[in-house]
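Visitor: File name structure.cif; file contents mmCIF, C-alpha atoms; full text below.
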data_structure
#
loop_
_atom_site.label_atom_id
_atom_site.label_comp_id
_atom_site.auth_asym_id
_atom_site.auth_seq_id
_atom_site.Cartn_x
_atom_site.Cartn_y
_atom_site.Cartn_z
CA MET A 1481 -33.04 -47.23 -33.58
CA ASN A 1482 -35.05 -47.04 -30.34
CA THR A 1483 -35.78 -43.97 -28.26
CA LEU A 1484 -33.22 -44.85 -25.58
CA ILE A 1485 -30.38 -45.02 -28.14
CA LEU A 1486 -31.46 -41.74 -29.74
CA THR A 1487 -31.58 -40.05 -26.35
CA THR A 1488 -28.13 -41.39 -25.43
CA LEU A 1489 -26.65 -40.18 -28.73
CA ALA A 1490 -28.21 -36.76 -28.31
CA THR A 1491 -26.85 -36.47 -24.78
CA ALA A 1492 -23.36 -37.50 -25.91
CA LEU A 1493 -23.40 -35.00 -28.76
CA ALA A 1494 -24.57 -32.23 -26.44
CA THR A 1495 -21.82 -33.07 -23.93
CA ALA A 1496 -19.17 -33.07 -26.66
CA LEU A 1497 -20.43 -29.75 -28.00
CA THR A 1498 -20.35 -28.21 -24.52
CA ALA A 1499 -16.79 -29.47 -23.98
CA ASN A 1500 -15.68 -28.07 -27.35
CA VAL A 1501 -17.24 -24.71 -26.54
CA ALA A 1502 -15.49 -24.66 -23.15
CA VAL A 1503 -12.14 -25.49 -24.77
CA ALA A 1504 -12.67 -22.81 -27.40
CA GLN A 1505 -13.53 -20.25 -24.74
CA SER A 1506 -10.44 -21.22 -22.71
CA VAL A 1507 -8.21 -20.93 -25.78
CA ALA A 1508 -9.77 -17.58 -26.65
CA GLU A 1509 -9.23 -16.29 -23.12
CA THR A 1510 -5.63 -17.50 -23.14
CA ASN A 1511 -4.99 -15.93 -26.52
CA GLY A 1512 -6.61 -12.75 -25.27
CA MET A 1513 -4.32 -12.74 -22.24
CA LEU A 1514 -1.27 -13.29 -24.44
CA ALA A 1515 -2.36 -10.56 -26.81
CA ALA A 1516 -2.93 -8.21 -23.91
CA SER A 1517 0.51 -9.08 -22.52
CA ASN A 1518 2.08 -7.72 -25.67
CA ARG A 1519 0.46 -4.36 -24.96
CA VAL A 1520 1.69 -3.91 -21.38
CA THR A 1521 3.45 -0.55 -21.25
CA PRO A 1522 4.77 0.59 -17.86
CA PRO A 1523 4.95 4.33 -17.19
CA PRO A 1524 8.23 6.22 -16.71
CA VAL A 1525 9.77 5.48 -13.31
CA PRO A 1526 12.60 6.88 -11.15
CA ALA A 1527 16.01 5.63 -12.22
CA ASN A 1528 16.61 3.67 -9.03
CA ILE A 1529 13.62 1.36 -9.55
CA GLN A 1530 14.07 0.61 -13.24
CA VAL A 1531 14.23 -3.08 -14.11
CA PRO A 1532 17.40 -4.57 -15.63
CA GLU A 1533 17.90 -4.24 -19.37
CA GLY A 1534 16.25 -7.07 -21.26
CA SER A 1535 13.32 -7.39 -18.85
CA LYS A 1536 9.90 -7.34 -20.51
CA ALA A 1537 6.56 -6.50 -18.85
CA PHE A 1538 4.07 -9.26 -19.64
CA LEU A 1539 1.25 -8.61 -17.18
CA VAL A 1540 -0.23 -5.72 -15.22
CA GLY A 1541 -2.70 -5.83 -12.35
CA HIS A 1542 -4.53 -2.84 -10.89
CA GLY A 1543 -4.50 -3.43 -7.14
CA VAL A 1544 -7.23 -2.35 -4.72
CA GLY A 1545 -6.97 -3.14 -1.02
CA THR A 1546 -5.39 -2.12 2.26
CA GLN A 1547 -1.94 -1.79 3.78
CA ASN A 1548 -2.28 -3.28 7.25
CA TYR A 1549 -0.21 -1.97 10.15
CA ILE A 1550 0.25 -2.87 13.80
CA CYS A 1551 1.66 -0.62 16.53
CA LEU A 1552 4.81 -2.13 18.07
CA PRO A 1553 7.66 -1.00 20.34
CA SER A 1554 10.37 0.78 18.34
CA ALA A 1555 13.77 1.93 19.53
CA ALA A 1556 14.05 4.08 16.41
CA SER A 1557 11.00 6.17 17.29
CA ALA A 1558 11.12 9.10 19.74
CA SER A 1559 7.82 7.91 21.22
CA GLY A 1560 9.12 4.36 21.61
CA VAL A 1561 6.44 2.92 19.34
CA ALA A 1562 5.75 2.86 15.61
CA TYR A 1563 3.41 1.31 13.09
CA VAL A 1564 4.87 -1.71 11.29
CA LEU A 1565 3.38 -3.22 8.14
CA PHE A 1566 2.27 -6.79 8.82
CA THR A 1567 0.59 -7.50 5.48
CA PRO A 1568 -1.03 -5.95 2.44
CA GLU A 1569 -4.40 -7.34 1.39
CA ALA A 1570 -5.20 -6.53 -2.22
CA THR A 1571 -6.99 -7.85 -5.25
CA LEU A 1572 -5.48 -7.11 -8.67
CA PHE A 1573 -7.77 -6.59 -11.64
CA ASN A 1574 -7.04 -6.51 -15.36
CA ASP A 1575 -8.12 -3.75 -17.72
CA ASP A 1576 -11.53 -5.43 -18.07
CA SER A 1577 -12.06 -5.24 -14.28
CA LYS A 1578 -11.73 -9.01 -13.90
CA GLU A 1579 -9.89 -10.38 -10.88
CA VAL A 1580 -6.52 -11.83 -11.88
CA ILE A 1581 -4.27 -11.95 -8.79
CA THR A 1582 -4.41 -11.73 -4.99
CA HIS A 1583 -1.62 -10.04 -3.03
CA PHE A 1584 -0.61 -10.65 0.58
CA PHE A 1585 2.33 -11.72 2.78
CA SER A 1586 3.20 -15.39 3.35
CA PRO A 1587 6.21 -17.60 4.17
CA ASN A 1588 8.43 -18.33 1.16
CA PRO A 1589 9.24 -22.05 1.37
CA PHE A 1590 11.93 -21.84 -1.30
CA GLU A 1591 14.23 -19.24 0.23
CA ASN A 1592 16.97 -20.16 2.73
CA ASN A 1593 15.21 -23.44 3.29
CA THR A 1594 16.61 -26.85 2.35
CA ASN A 1595 13.26 -28.52 3.01
CA PRO A 1596 10.39 -26.88 1.09
CA ALA A 1597 7.94 -28.99 3.11
CA LEU A 1598 8.73 -26.81 6.10
CA VAL A 1599 6.68 -23.85 4.91
CA ALA A 1600 6.72 -22.13 8.29
CA ALA A 1601 10.53 -21.99 8.13
CA GLY A 1602 10.54 -19.67 5.12
CA PRO A 1603 10.89 -15.90 5.56
CA ILE A 1604 7.74 -13.81 5.21
CA ARG A 1605 7.66 -12.20 1.75
CA ALA A 1606 5.31 -10.25 -0.45
CA THR A 1607 3.22 -12.81 -2.32
CA TRP A 1608 1.15 -12.79 -5.49
CA GLN A 1609 -1.12 -15.70 -6.43
CA HIS A 1610 -2.89 -16.01 -9.76
CA SER A 1611 -6.64 -16.22 -9.25
CA ARG A 1612 -7.25 -18.87 -11.90
CA ASP A 1613 -4.26 -21.22 -12.00
CA SER A 1614 -2.94 -20.57 -8.45
CA SER A 1615 0.65 -20.07 -9.65
CA THR A 1616 2.47 -18.09 -6.96
CA VAL A 1617 5.53 -15.87 -6.67
CA TRP A 1618 7.32 -14.44 -3.63
CA ALA A 1619 9.41 -11.29 -3.88
CA LYS A 1620 11.37 -8.83 -1.77
CA VAL A 1621 12.39 -5.22 -2.34
CA ASP A 1622 15.44 -5.32 -4.59
CA GLN A 1623 18.72 -3.57 -3.88
CA ASN A 1624 20.73 -1.36 -6.22
CA PRO A 1625 24.49 -1.74 -6.77
CA ASP A 1626 25.16 1.06 -4.27
CA GLY A 1627 23.33 -0.87 -1.56
CA THR A 1628 20.21 1.30 -1.48
CA ASN A 1629 16.73 -0.17 -1.68
CA ALA A 1630 14.88 -0.02 -5.00
CA SER A 1631 12.25 2.24 -3.47
CA SER A 1632 11.19 5.77 -4.34
CA THR A 1633 9.01 8.52 -2.91
CA ASP A 1634 10.27 11.05 -5.48
CA PRO A 1635 7.50 13.69 -5.63
CA ALA A 1636 8.00 13.97 -9.37
CA PHE A 1637 6.43 10.50 -9.59
CA VAL A 1638 4.84 9.53 -6.27
CA LYS A 1639 1.70 11.26 -4.99
CA GLN A 1640 1.74 12.87 -1.56
CA GLY A 1641 0.46 10.48 1.09
CA ALA A 1642 1.07 7.42 -1.11
CA VAL A 1643 3.24 4.42 -0.33
CA ALA A 1644 6.55 4.22 -2.16
CA TRP A 1645 7.04 2.93 -5.67
CA LEU A 1646 9.09 -0.25 -5.61
CA ARG A 1647 11.08 -2.72 -7.66
CA LEU A 1648 10.84 -6.19 -6.17
CA LYS A 1649 12.94 -9.20 -7.09
CA VAL A 1650 11.33 -12.64 -7.20
CA VAL A 1651 12.90 -15.01 -4.66
CA GLY A 1652 10.55 -17.97 -5.00
CA PHE A 1653 7.87 -19.37 -7.28
CA GLU A 1654 5.51 -22.32 -7.44
CA ASN A 1655 3.23 -23.76 -10.09
CA GLY A 1656 -0.46 -24.16 -9.31
CA PRO A 1657 -1.81 -27.58 -8.25
CA THR A 1658 -2.72 -28.44 -11.85
CA GLY A 1659 0.50 -27.08 -13.33
CA GLY A 1660 -0.58 -23.46 -13.83
CA ASP A 1661 2.42 -21.25 -14.51
CA VAL A 1662 1.21 -17.78 -15.52
CA LEU A 1663 3.22 -16.08 -12.76
CA THR A 1664 6.16 -18.45 -12.37
CA LYS A 1665 8.15 -16.84 -15.19
CA THR A 1666 8.19 -13.53 -13.27
CA THR A 1667 11.63 -12.15 -12.42
CA PHE A 1668 10.77 -8.62 -11.23
CA ILE A 1669 7.65 -6.77 -10.07
CA GLN A 1670 7.18 -3.01 -9.93
CA ARG A 1671 4.64 -1.35 -7.65
CA LEU A 1672 3.71 1.94 -9.33
CA SER A 1673 1.03 4.65 -9.48
CA THR A 1674 0.29 4.28 -5.78
CA VAL A 1675 -2.47 6.17 -3.99
CA GLY A 1676 -2.86 6.08 -0.20
CA GLY A 1677 -1.60 3.27 2.02
CA VAL A 1678 0.68 5.29 4.32
CA ALA A 1679 0.49 4.48 8.04
CA PRO A 1680 -1.69 6.96 9.95
CA SER A 1681 -0.22 9.60 12.25
CA THR A 1682 -2.61 8.71 15.07
CA GLY A 1683 -3.24 5.58 17.10
CA CYS A 1684 0.40 4.73 17.76
CA ILE A 1685 1.94 7.45 19.92
CA SER A 1686 2.60 5.79 23.28
CA SER A 1687 3.20 2.39 24.84
CA THR A 1688 -0.50 2.09 25.64
CA ASP A 1689 -1.17 1.94 21.88
CA VAL A 1690 0.92 -1.21 21.33
CA GLY A 1691 -1.22 -3.74 19.52
CA ASN A 1692 -3.41 -1.20 17.76
CA GLN A 1693 -4.04 -2.04 14.12
CA ALA A 1694 -4.72 0.22 11.16
CA PHE A 1695 -6.06 -0.95 7.79
CA VAL A 1696 -5.28 1.81 5.33
CA PRO A 1697 -6.93 1.79 1.87
CA TYR A 1698 -4.61 2.03 -1.14
CA THR A 1699 -4.42 1.40 -4.85
CA ALA A 1700 -1.42 0.57 -7.00
CA ASP A 1701 -0.48 -0.84 -10.39
CA TYR A 1702 1.69 -3.96 -10.32
CA PHE A 1703 3.80 -4.71 -13.40
CA PHE A 1704 5.16 -8.23 -13.80
CA TYR A 1705 8.37 -8.75 -15.82
CA LYS A 1706 10.06 -11.77 -17.30
#
Would you write out, as structure tokens, the structure that this file holds?
Guide:
Amino acid sequence: MNTLILTTLATALATALTANVAVAQSVAETNGMLAASNRVTPPPVPANIQVPEGSKAFLVGHGVGTQNYICLPSAASASGVAYVLFTPEATLFNDDSKEVITHFFSPNPFENNTNPALVAAGPIRATWQHSRDSSTVWAKVDQNPDGTNASSTDPAFVKQGAVAWLRLKVVGFENGPTGGDVLTKTTFIQRLSTVGGVAPSTGCISSTDVGNQAFVPYTADYFFYK
């Protein structure tokens, strides 16, 4: 057997070994994620943002980012202007401080839209996209049977100066480009343990402030249910 054949065989064996190691690592990571999902335990929450009976938390992400506001005319404000949230920008990390999900606003192509190709026609919704498989879900603040929003600033749970705790209902989902589906089984999302993120009290007090933007740091835990 000549040197060229030996070299080719060695290269093939090394490639196969590398592939097997990569597969084993992927399987281990997946199994680790599944094992971790069985340990997701949400904290106590106000009654009006509890998820329906039978829902199970399978994933939690610790969000770090900003709540982004813009000053706009407002008939509801005595000053005639008010800050309006135009998007959150957050990265969600797992318990090992690894990035797992990004969070932002985007059009939901699957809601009130008979042609999903017309993405721009979908309403703007809170969006979560998995960082590895690109599976995506869109959600909106849920409503309770009495018509109230599933939102709470109850001081027994929510810190002063923190954005509300929420229960959001998924209204659209999409697999990643290679079929990834980690998030697509999500039915509800809770935003809990918030710190910061409330619109500032300055910078939007008169018509001359229209257009001002404020990027307010916040943290929150996001619990995903199926």
Visitor: What lies within 8 Å of Asn1588 in chain A using all atoms listed in the file, ignoring chain neighbours under 6 positions off, as a PyMOL selection string?
Guide: chain A and resi 1599+1602-1605+1618+1652
Visitor: Quick one: residues within 8 Å of range 1678-1684 of chain A, only C-alpha atoms counted, chain neighbours fewer than 5 positions away excluded, as a list in words?
Guide: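 These residues fall inside the cut-off: Gln1547, Tyr1549, Cys1551, Val1561, Ala1562, Tyr1563, Gly1641, Ala1642, Val1643, Asp1689, Val1690, Asn1692, Ala1694 and Val1696 of chain A.
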Visitor: Grab the CA of Val1651 in chain A to CA of Phe1668 in chain A distance for me, in Å with one decimal place.
Guide: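 So the answer is 9.4 Å.
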Visitor: To one decimal in Å, tell me the separation between CA of Gly1656 in chain A and CA of Arg1612 in chain A.
Guide: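 Atom-to-atom, CA of Gly1656 in chain A and CA of Arg1612 in chain A are spaced 9.0 Å apart.
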Visitor: Selection in question (the file shown): the PyMOL selection byres ((chain A and resi 1698) around 10). Which residues does it include, as a CSV table (one decimal) with C-alpha atoms, in the coordinates of the input?
Guide:
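Final file, part-v9.csv:
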chain,number,residue,atom,x,y,z
A,1543,GLY,CA,-4.5,-3.4,-7.1
A,1544,VAL,CA,-7.2,-2.4,-4.7
A,1545,GLY,CA,-7.0,-3.1,-1.0
A,1546,THR,CA,-5.4,-2.1,2.3
A,1547,GLN,CA,-1.9,-1.8,3.8
A,1568,PRO,CA,-1.0,-6.0,2.4
A,1569,GLU,CA,-4.4,-7.3,1.4
A,1570,ALA,CA,-5.2,-6.5,-2.2
A,1642,ALA,CA,1.1,7.4,-1.1
A,1643,VAL,CA,3.2,4.4,-0.3
A,1674,THR,CA,0.3,4.3,-5.8
A,1675,VAL,CA,-2.5,6.2,-4.0
A,1676,GLY,CA,-2.9,6.1,-0.2
A,1677,GLY,CA,-1.6,3.3,2.0
A,1678,VAL,CA,0.7,5.3,4.3
A,1695,PHE,CA,-6.1,-1.0,7.8
A,1696,VAL,CA,-5.3,1.8,5.3
A,1697,PRO,CA,-6.9,1.8,1.9
A,1699,THR,CA,-4.4,1.4,-4.8
A,1700,ALA,CA,-1.4,0.6,-7.0
Visitor: Interatomic distance between CA of Val1662 in chain A and CA of Asn1592 in chain A?
Guide: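 CA of Val1662 in chain A sits 24.2 Å away from CA of Asn1592 in chain A.
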